[in-house]
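J.: You'll find model_3.cif just under this line, and it carries mmCIF, N, CA and C atoms.
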```cif
data_run
#
loop_
_atom_site.group_PDB
_atom_site.id
_atom_site.type_symbol
_atom_site.label_atom_id
_atom_site.label_comp_id
_atom_site.auth_asym_id
_atom_site.auth_seq_id
_atom_site.Cartn_x
_atom_site.Cartn_y
_atom_site.Cartn_z
ATOM 1 N N VAL A 271 -11.449 21.634 -23.861
ATOM 2 C CA VAL A 271 -12.525 22.140 -24.700
ATOM 3 C C VAL A 271 -12.016 23.357 -25.459
ATOM 4 N N GLU A 272 -12.232 23.337 -26.736
ATOM 5 C CA GLU A 272 -11.782 24.461 -27.544
ATOM 6 C C GLU A 272 -12.863 25.528 -27.628
ATOM 7 N N ARG A 273 -12.429 26.737 -27.842
ATOM 8 C CA ARG A 273 -13.357 27.849 -27.935
ATOM 9 C C ARG A 273 -14.368 27.709 -29.071
ATOM 10 N N PRO A 274 -14.044 27.028 -30.192
ATOM 11 C CA PRO A 274 -15.072 26.868 -31.221
ATOM 12 C C PRO A 274 -16.341 26.193 -30.695
ATOM 13 N N ALA A 275 -16.196 25.281 -29.749
ATOM 14 C CA ALA A 275 -17.377 24.647 -29.148
ATOM 15 C C ALA A 275 -18.227 25.693 -28.442
ATOM 16 N N LEU A 276 -17.588 26.605 -27.739
ATOM 17 C CA LEU A 276 -18.311 27.681 -27.059
ATOM 18 C C LEU A 276 -18.975 28.599 -28.072
ATOM 19 N N LYS A 277 -18.303 28.902 -29.155
ATOM 20 C CA LYS A 277 -18.859 29.788 -30.186
ATOM 21 C C LYS A 277 -20.122 29.184 -30.792
ATOM 22 N N LYS A 278 -20.140 27.870 -31.004
ATOM 23 C CA LYS A 278 -21.333 27.204 -31.542
ATOM 24 C C LYS A 278 -22.505 27.337 -30.577
ATOM 25 N N ILE A 279 -22.224 27.204 -29.304
ATOM 26 C CA ILE A 279 -23.283 27.318 -28.302
ATOM 27 C C ILE A 279 -23.791 28.759 -28.229
ATOM 28 N N GLU A 280 -22.868 29.713 -28.281
ATOM 29 C CA GLU A 280 -23.272 31.117 -28.210
ATOM 30 C C GLU A 280 -24.198 31.505 -29.362
ATOM 31 N N LYS A 281 -24.060 30.846 -30.500
ATOM 32 C CA LYS A 281 -24.899 31.163 -31.663
ATOM 33 C C LYS A 281 -26.361 30.801 -31.442
ATOM 34 N N VAL A 282 -26.633 29.846 -30.568
ATOM 35 C CA VAL A 282 -28.016 29.394 -30.377
ATOM 36 C C VAL A 282 -28.637 29.880 -29.071
ATOM 37 N N ILE A 283 -27.888 30.630 -28.298
ATOM 38 C CA ILE A 283 -28.407 31.185 -27.042
ATOM 39 C C ILE A 283 -28.934 32.588 -27.332
ATOM 40 N N PRO A 284 -30.153 32.892 -26.865
ATOM 41 C CA PRO A 284 -30.767 34.178 -27.227
ATOM 42 C C PRO A 284 -30.301 35.378 -26.405
ATOM 43 N N PHE A 285 -29.154 35.298 -25.778
ATOM 44 C CA PHE A 285 -28.615 36.422 -25.014
ATOM 45 C C PHE A 285 -27.105 36.360 -25.064
ATOM 46 N N LYS A 286 -26.468 37.471 -24.783
ATOM 47 C CA LYS A 286 -24.998 37.534 -24.797
ATOM 48 C C LYS A 286 -24.464 37.045 -23.458
ATOM 49 N N LEU A 287 -23.497 36.154 -23.531
ATOM 50 C CA LEU A 287 -22.859 35.626 -22.326
ATOM 51 C C LEU A 287 -21.808 36.595 -21.811
ATOM 52 N N THR A 288 -21.733 36.706 -20.493
ATOM 53 C CA THR A 288 -20.640 37.461 -19.891
ATOM 54 C C THR A 288 -19.382 36.602 -19.939
ATOM 55 N N THR A 289 -18.252 37.197 -19.656
ATOM 56 C CA THR A 289 -16.996 36.442 -19.603
ATOM 57 C C THR A 289 -17.081 35.348 -18.545
ATOM 58 N N ASN A 290 -17.661 35.652 -17.390
ATOM 59 C CA ASN A 290 -17.810 34.645 -16.330
ATOM 60 C C ASN A 290 -18.696 33.492 -16.795
ATOM 61 N N GLN A 291 -19.784 33.799 -17.485
ATOM 62 C CA GLN A 291 -20.675 32.753 -17.975
ATOM 63 C C GLN A 291 -19.982 31.883 -19.023
ATOM 64 N N GLN A 292 -19.166 32.495 -19.878
ATOM 65 C CA GLN A 292 -18.385 31.724 -20.845
ATOM 66 C C GLN A 292 -17.442 30.766 -20.117
ATOM 67 N N THR A 293 -16.792 31.264 -19.079
ATOM 68 C CA THR A 293 -15.866 30.436 -18.295
ATOM 69 C C THR A 293 -16.592 29.243 -17.687
ATOM 70 N N VAL A 294 -17.781 29.491 -17.147
ATOM 71 C CA VAL A 294 -18.565 28.406 -16.534
ATOM 72 C C VAL A 294 -18.957 27.373 -17.583
ATOM 73 N N LEU A 295 -19.415 27.824 -18.744
ATOM 74 C CA LEU A 295 -19.805 26.869 -19.782
ATOM 75 C C LEU A 295 -18.609 26.051 -20.258
ATOM 76 N N LEU A 296 -17.464 26.677 -20.399
ATOM 77 C CA LEU A 296 -16.259 25.936 -20.776
ATOM 78 C C LEU A 296 -15.909 24.892 -19.717
ATOM 79 N N SER A 297 -16.039 25.265 -18.449
ATOM 80 C CA SER A 297 -15.757 24.336 -17.359
ATOM 81 C C SER A 297 -16.723 23.151 -17.404
ATOM 82 N N LEU A 298 -18.009 23.435 -17.592
ATOM 83 C CA LEU A 298 -19.004 22.361 -17.670
ATOM 84 C C LEU A 298 -18.727 21.443 -18.855
ATOM 85 N N MET A 299 -18.430 22.027 -20.012
ATOM 86 C CA MET A 299 -18.166 21.215 -21.202
ATOM 87 C C MET A 299 -16.920 20.358 -21.021
ATOM 88 N N PHE A 300 -15.899 20.921 -20.395
ATOM 89 C CA PHE A 300 -14.686 20.163 -20.134
ATOM 90 C C PHE A 300 -14.984 19.004 -19.190
ATOM 91 N N ASN A 301 -15.811 19.270 -18.184
ATOM 92 C CA ASN A 301 -16.088 18.279 -17.142
ATOM 93 C C ASN A 301 -17.015 17.166 -17.611
ATOM 94 N N ILE A 302 -18.064 17.505 -18.371
ATOM 95 C CA ILE A 302 -19.034 16.470 -18.755
ATOM 96 C C ILE A 302 -18.928 16.054 -20.213
ATOM 97 N N GLY A 303 -18.212 16.838 -21.003
ATOM 98 C CA GLY A 303 -18.078 16.547 -22.428
ATOM 99 C C GLY A 303 -18.934 17.489 -23.261
ATOM 100 N N VAL A 304 -18.402 17.892 -24.386
ATOM 101 C CA VAL A 304 -19.090 18.857 -25.249
ATOM 102 C C VAL A 304 -20.417 18.296 -25.732
ATOM 103 N N GLU A 305 -20.413 17.061 -26.218
ATOM 104 C CA GLU A 305 -21.644 16.482 -26.765
ATOM 105 C C GLU A 305 -22.696 16.283 -25.678
ATOM 106 N N ALA A 306 -22.277 15.825 -24.509
ATOM 107 C CA ALA A 306 -23.227 15.649 -23.399
ATOM 108 C C ALA A 306 -23.846 16.988 -23.019
ATOM 109 N N PHE A 307 -23.036 18.039 -23.011
ATOM 110 C CA PHE A 307 -23.577 19.357 -22.679
ATOM 111 C C PHE A 307 -24.499 19.851 -23.779
ATOM 112 N N ARG A 308 -24.081 19.692 -25.025
ATOM 113 C CA ARG A 308 -24.864 20.200 -26.162
ATOM 114 C C ARG A 308 -26.258 19.586 -26.218
ATOM 115 N N THR A 309 -26.390 18.334 -25.796
ATOM 116 C CA THR A 309 -27.675 17.637 -25.875
ATOM 117 C C THR A 309 -28.411 17.592 -24.525
ATOM 118 N N SER A 310 -27.911 18.314 -23.544
ATOM 119 C CA SER A 310 -28.477 18.258 -22.191
ATOM 120 C C SER A 310 -29.726 19.125 -22.033
ATOM 121 N N ASP A 311 -30.484 18.822 -20.989
ATOM 122 C CA ASP A 311 -31.627 19.669 -20.630
ATOM 123 C C ASP A 311 -31.156 21.059 -20.221
ATOM 124 N N ALA A 312 -29.982 21.146 -19.627
ATOM 125 C CA ALA A 312 -29.442 22.458 -19.258
ATOM 126 C C ALA A 312 -29.280 23.320 -20.507
ATOM 127 N N MET A 313 -28.742 22.735 -21.572
ATOM 128 C CA MET A 313 -28.570 23.476 -22.819
ATOM 129 C C MET A 313 -29.912 23.852 -23.420
ATOM 130 N N LYS A 314 -30.869 22.946 -23.380
ATOM 131 C CA LYS A 314 -32.215 23.250 -23.889
ATOM 132 C C LYS A 314 -32.790 24.448 -23.149
ATOM 133 N N ASN A 315 -32.560 24.503 -21.851
ATOM 134 C CA ASN A 315 -33.057 25.641 -21.071
ATOM 135 C C ASN A 315 -32.347 26.934 -21.460
ATOM 136 N N LEU A 316 -31.048 26.868 -21.682
ATOM 137 C CA LEU A 316 -30.327 28.067 -22.126
ATOM 138 C C LEU A 316 -30.897 28.578 -23.443
ATOM 139 N N LYS A 317 -31.127 27.657 -24.385
ATOM 140 C CA LYS A 317 -31.662 28.041 -25.696
ATOM 141 C C LYS A 317 -33.043 28.686 -25.567
ATOM 142 N N ALA A 318 -33.792 28.276 -24.547
ATOM 143 C CA ALA A 318 -35.137 28.824 -24.320
ATOM 144 C C ALA A 318 -35.105 30.054 -23.418
ATOM 145 N N ASN A 319 -33.913 30.509 -23.066
ATOM 146 C CA ASN A 319 -33.725 31.650 -22.161
ATOM 147 C C ASN A 319 -34.350 31.393 -20.784
ATOM 148 N N ASP A 320 -34.365 30.129 -20.387
ATOM 149 C CA ASP A 320 -34.858 29.716 -19.070
ATOM 150 C C ASP A 320 -33.645 29.550 -18.156
ATOM 151 N N ILE A 321 -33.197 30.656 -17.580
ATOM 152 C CA ILE A 321 -31.978 30.646 -16.771
ATOM 153 C C ILE A 321 -32.181 29.846 -15.488
ATOM 154 N N ALA A 322 -33.350 29.969 -14.874
ATOM 155 C CA ALA A 322 -33.619 29.197 -13.654
ATOM 156 C C ALA A 322 -33.555 27.699 -13.956
ATOM 157 N N GLY A 323 -34.130 27.284 -15.088
ATOM 158 C CA GLY A 323 -34.079 25.878 -15.485
ATOM 159 C C GLY A 323 -32.658 25.432 -15.766
ATOM 160 N N PHE A 324 -31.875 26.278 -16.433
ATOM 161 C CA PHE A 324 -30.470 25.962 -16.690
ATOM 162 C C PHE A 324 -29.719 25.748 -15.377
ATOM 163 N N LYS A 325 -29.890 26.665 -14.447
ATOM 164 C CA LYS A 325 -29.186 26.557 -13.164
ATOM 165 C C LYS A 325 -29.585 25.288 -12.422
ATOM 166 N N ARG A 326 -30.862 24.954 -12.449
ATOM 167 C CA ARG A 326 -31.331 23.739 -11.780
ATOM 168 C C ARG A 326 -30.682 22.507 -12.413
ATOM 169 N N GLU A 327 -30.709 22.435 -13.743
ATOM 170 C CA GLU A 327 -30.177 21.265 -14.443
ATOM 171 C C GLU A 327 -28.655 21.148 -14.323
ATOM 172 N N ALA A 328 -27.971 22.273 -14.242
ATOM 173 C CA ALA A 328 -26.509 22.238 -14.221
ATOM 174 C C ALA A 328 -25.925 22.155 -12.815
ATOM 175 N N PHE A 329 -26.549 22.828 -11.851
ATOM 176 C CA PHE A 329 -25.875 23.047 -10.569
ATOM 177 C C PHE A 329 -26.558 22.455 -9.342
ATOM 178 N N SER A 330 -27.823 22.074 -9.431
ATOM 179 C CA SER A 330 -28.536 21.658 -8.217
ATOM 180 C C SER A 330 -28.075 20.289 -7.720
ATOM 181 N N ARG A 331 -28.278 20.069 -6.441
ATOM 182 C CA ARG A 331 -27.893 18.792 -5.834
ATOM 183 C C ARG A 331 -28.724 17.649 -6.400
ATOM 184 N N LYS A 332 -29.989 17.923 -6.701
ATOM 185 C CA LYS A 332 -30.894 16.871 -7.167
ATOM 186 C C LYS A 332 -30.739 16.580 -8.662
ATOM 187 N N GLU A 333 -30.586 17.624 -9.476
ATOM 188 C CA GLU A 333 -30.591 17.431 -10.924
ATOM 189 C C GLU A 333 -29.277 17.776 -11.616
ATOM 190 N N GLY A 334 -28.384 18.438 -10.918
ATOM 191 C CA GLY A 334 -27.153 18.910 -11.551
ATOM 192 C C GLY A 334 -26.132 17.814 -11.788
ATOM 193 N N TRP A 335 -25.040 18.203 -12.415
ATOM 194 C CA TRP A 335 -23.946 17.266 -12.689
ATOM 195 C C TRP A 335 -23.078 17.151 -11.444
ATOM 196 N N VAL A 336 -23.570 16.375 -10.483
ATOM 197 C CA VAL A 336 -22.900 16.256 -9.187
ATOM 198 C C VAL A 336 -22.683 14.799 -8.786
ATOM 199 N N GLU A 337 -22.720 13.901 -9.756
ATOM 200 C CA GLU A 337 -22.531 12.486 -9.453
ATOM 201 C C GLU A 337 -21.307 11.947 -10.170
ATOM 202 N N THR A 338 -20.692 10.965 -9.558
ATOM 203 C CA THR A 338 -19.630 10.201 -10.188
ATOM 204 C C THR A 338 -19.925 8.732 -9.926
ATOM 205 N N ALA A 339 -19.865 7.940 -10.960
ATOM 206 C CA ALA A 339 -20.202 6.512 -10.862
ATOM 207 C C ALA A 339 -21.591 6.317 -10.264
ATOM 208 N N GLY A 340 -22.524 7.218 -10.594
ATOM 209 C CA GLY A 340 -23.901 7.099 -10.142
ATOM 210 C C GLY A 340 -24.161 7.497 -8.701
ATOM 211 N N LYS A 341 -23.157 8.049 -8.039
ATOM 212 C CA LYS A 341 -23.325 8.437 -6.637
ATOM 213 C C LYS A 341 -23.000 9.906 -6.458
ATOM 214 N N PHE A 342 -23.730 10.529 -5.539
ATOM 215 C CA PHE A 342 -23.511 11.941 -5.226
ATOM 216 C C PHE A 342 -22.062 12.170 -4.814
ATOM 217 N N SER A 343 -21.472 13.228 -5.355
ATOM 218 C CA SER A 343 -20.095 13.590 -5.020
ATOM 219 C C SER A 343 -20.085 14.985 -4.400
ATOM 220 N N LYS A 344 -19.696 15.058 -3.145
ATOM 221 C CA LYS A 344 -19.605 16.346 -2.458
ATOM 222 C C LYS A 344 -18.621 17.266 -3.196
ATOM 223 N N GLY A 345 -17.526 16.699 -3.696
ATOM 224 C CA GLY A 345 -16.542 17.492 -4.423
ATOM 225 C C GLY A 345 -17.127 18.110 -5.692
ATOM 226 N N LEU A 346 -17.881 17.316 -6.477
ATOM 227 C CA LEU A 346 -18.515 17.864 -7.680
ATOM 228 C C LEU A 346 -19.595 18.878 -7.319
ATOM 229 N N PHE A 347 -20.333 18.601 -6.257
ATOM 230 C CA PHE A 347 -21.358 19.554 -5.828
ATOM 231 C C PHE A 347 -20.711 20.890 -5.457
ATOM 232 N N ASN A 348 -19.604 20.828 -4.719
ATOM 233 C CA ASN A 348 -18.896 22.059 -4.353
ATOM 234 C C ASN A 348 -18.398 22.797 -5.600
ATOM 235 N N ARG A 349 -17.891 22.049 -6.563
ATOM 236 C CA ARG A 349 -17.433 22.661 -7.820
ATOM 237 C C ARG A 349 -18.592 23.346 -8.532
ATOM 238 N N ARG A 350 -19.736 22.662 -8.612
ATOM 239 C CA ARG A 350 -20.908 23.249 -9.273
ATOM 240 C C ARG A 350 -21.372 24.516 -8.544
ATOM 241 N N GLN A 351 -21.275 24.525 -7.227
ATOM 242 C CA GLN A 351 -21.679 25.720 -6.474
ATOM 243 C C GLN A 351 -20.737 26.886 -6.756
ATOM 244 N N ARG A 352 -19.448 26.607 -6.890
ATOM 245 C CA ARG A 352 -18.492 27.669 -7.265
ATOM 246 C C ARG A 352 -18.788 28.186 -8.667
ATOM 247 N N GLU A 353 -19.121 27.267 -9.580
ATOM 248 C CA GLU A 353 -19.471 27.684 -10.937
ATOM 249 C C GLU A 353 -20.742 28.526 -10.944
ATOM 250 N N LEU A 354 -21.709 28.146 -10.138
ATOM 251 C CA LEU A 354 -22.953 28.912 -10.048
ATOM 252 C C LEU A 354 -22.688 30.335 -9.547
ATOM 253 N N LYS A 355 -21.854 30.465 -8.542
ATOM 254 C CA LYS A 355 -21.511 31.793 -8.031
ATOM 255 C C LYS A 355 -20.818 32.627 -9.105
ATOM 256 N N LEU A 356 -19.930 31.988 -9.867
ATOM 257 C CA LEU A 356 -19.248 32.695 -10.941
ATOM 258 C C LEU A 356 -20.233 33.095 -12.038
ATOM 259 N N TRP A 357 -21.162 32.214 -12.365
ATOM 260 C CA TRP A 357 -22.194 32.513 -13.366
ATOM 261 C C TRP A 357 -22.959 33.780 -12.991
ATOM 262 N N ASP A 358 -23.281 33.900 -11.713
ATOM 263 C CA ASP A 358 -24.109 35.013 -11.238
ATOM 264 C C ASP A 358 -23.338 36.320 -11.031
ATOM 265 N N LYS A 359 -22.003 36.290 -11.087
ATOM 266 C CA LYS A 359 -21.210 37.511 -10.850
ATOM 267 C C LYS A 359 -21.406 38.504 -11.967
#
```
What would you get if you wrote out this structure as structure tokens?
T.:
Amino acid sequence: VERPALKKIEKVIPFKLTTNQQTVLLSLMFNIGVEAFRTSDAMKNLKANDIAGFKREAFSRKEGWVETAGKFSKGLFNRRQRELKLWDK
């Protein structure tokens, strides 16, 4: 994922991202794809400054990006939890 993709997202988010938050968004975009992230409910929540909604959509076991081939992946869930911790630092 190139930084221009991150810059486009930063333009529509109503708050300044920390370096850690930028890193997490780059990781998510790399993992799920820029277009999938851009059109996701997680992104809609970021644009609305709904951080709790963003975290739920991106990182939770029930709604987050934690599946591979339609099945829950403990490895992806663990990755999302590490990203969540980094987001909150």
J.: Can you write out as a Markdown table which residues of range 306-342 of chain A fall within 6 Å of range 278-295 of chain A, alongside each residue's closest atom pair and its distance in Å to one decimal, counting all atoms listed in the file and ordering rows by chain and ascending residue number?
T.:
```
| residue | atom | partner | partner_atom | distance |
| --- | --- | --- | --- | --- |
| A:Leu316 | C | A:Ile283 | CA | 5.1 |
| A:Lys317 | CA | A:Ile283 | CA | 4.7 |
| A:Asn319 | N | A:Pro284 | N | 5.9 |
```
J.: Which residue is closest to Lys277 in chain A? Choose from A:Val304, A:Leu354, A:Ile321, A:Lys332 and count only C-alpha atoms.
T.: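 Among the listed residues, the smallest separation from Lys277 in chain A belongs to A:Val304.
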J.: Once DSSP has gone over the backbone, tell me which residues of chain A are in strand (DSSP E or B), as a PyMOL selection string.
T.: chain A and resi 337-338+341-342
J.: For the structure shown, which residues end up in the PyMOL selection byres (((chain A and resi 347-350 and name CA) around 12) and name CA)? Put them as an NGL selection string, please?
T.: :A and (294-295 or 297-298 or 301-302 or 325-338 or 341-346 or 351-357)
J.: Pick out the closest residue to Gly303 in chain A from this set: A:Phe324, A:Ala275, A:Asn315, A:Asp358. Count only C-alpha atoms.
T.: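 With only C-alpha atoms as the atom set, the closest residue is A:Ala275.
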J.: Identify, with DSSP run on backbone atoms, the residues in chain A assigned to alpha helix (DSSP H), and express the list as number ranges by chain.
T.: A: 273-282, 289-302, 304-308, 311-317, 321-329, 344-358
J.: To one decimal place in Å, what is the distance between CA of Leu276 in chain A and CA of Arg308 in chain A?
T.: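 Atom-to-atom, CA of Leu276 in chain A and CA of Arg308 in chain A are spaced 10.0 Å apart.
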J.: Report the distance between atom N of Ala318 in chain A and atom C of Ala339 in chain A in Å, rounded to one decimal place.
T.: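 Between atom N of Ala318 in chain A and atom C of Ala339 in chain A the gap is 28.9 Å.
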J.: Tell me, in Å to one decimal, how far atom C of Ala306 in chain A is from CA of Pro274 in chain A.
T.: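 CA of Pro274 in chain A lies 15.6 Å from atom C of Ala306 in chain A.
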J.: Taking all atoms of range 294-305 of chain A that appear in the file, build a box with edges along x, y and z, extend it by 5 Å on every side, and state its centre and edge lengths in Å to one decimal, as JSON.
T.:
```
{"center_x": -18.7, "center_y": 22.8, "center_z": -21.6, "size_x": 18.0, "size_y": 23.4, "size_z": 20.2}
```
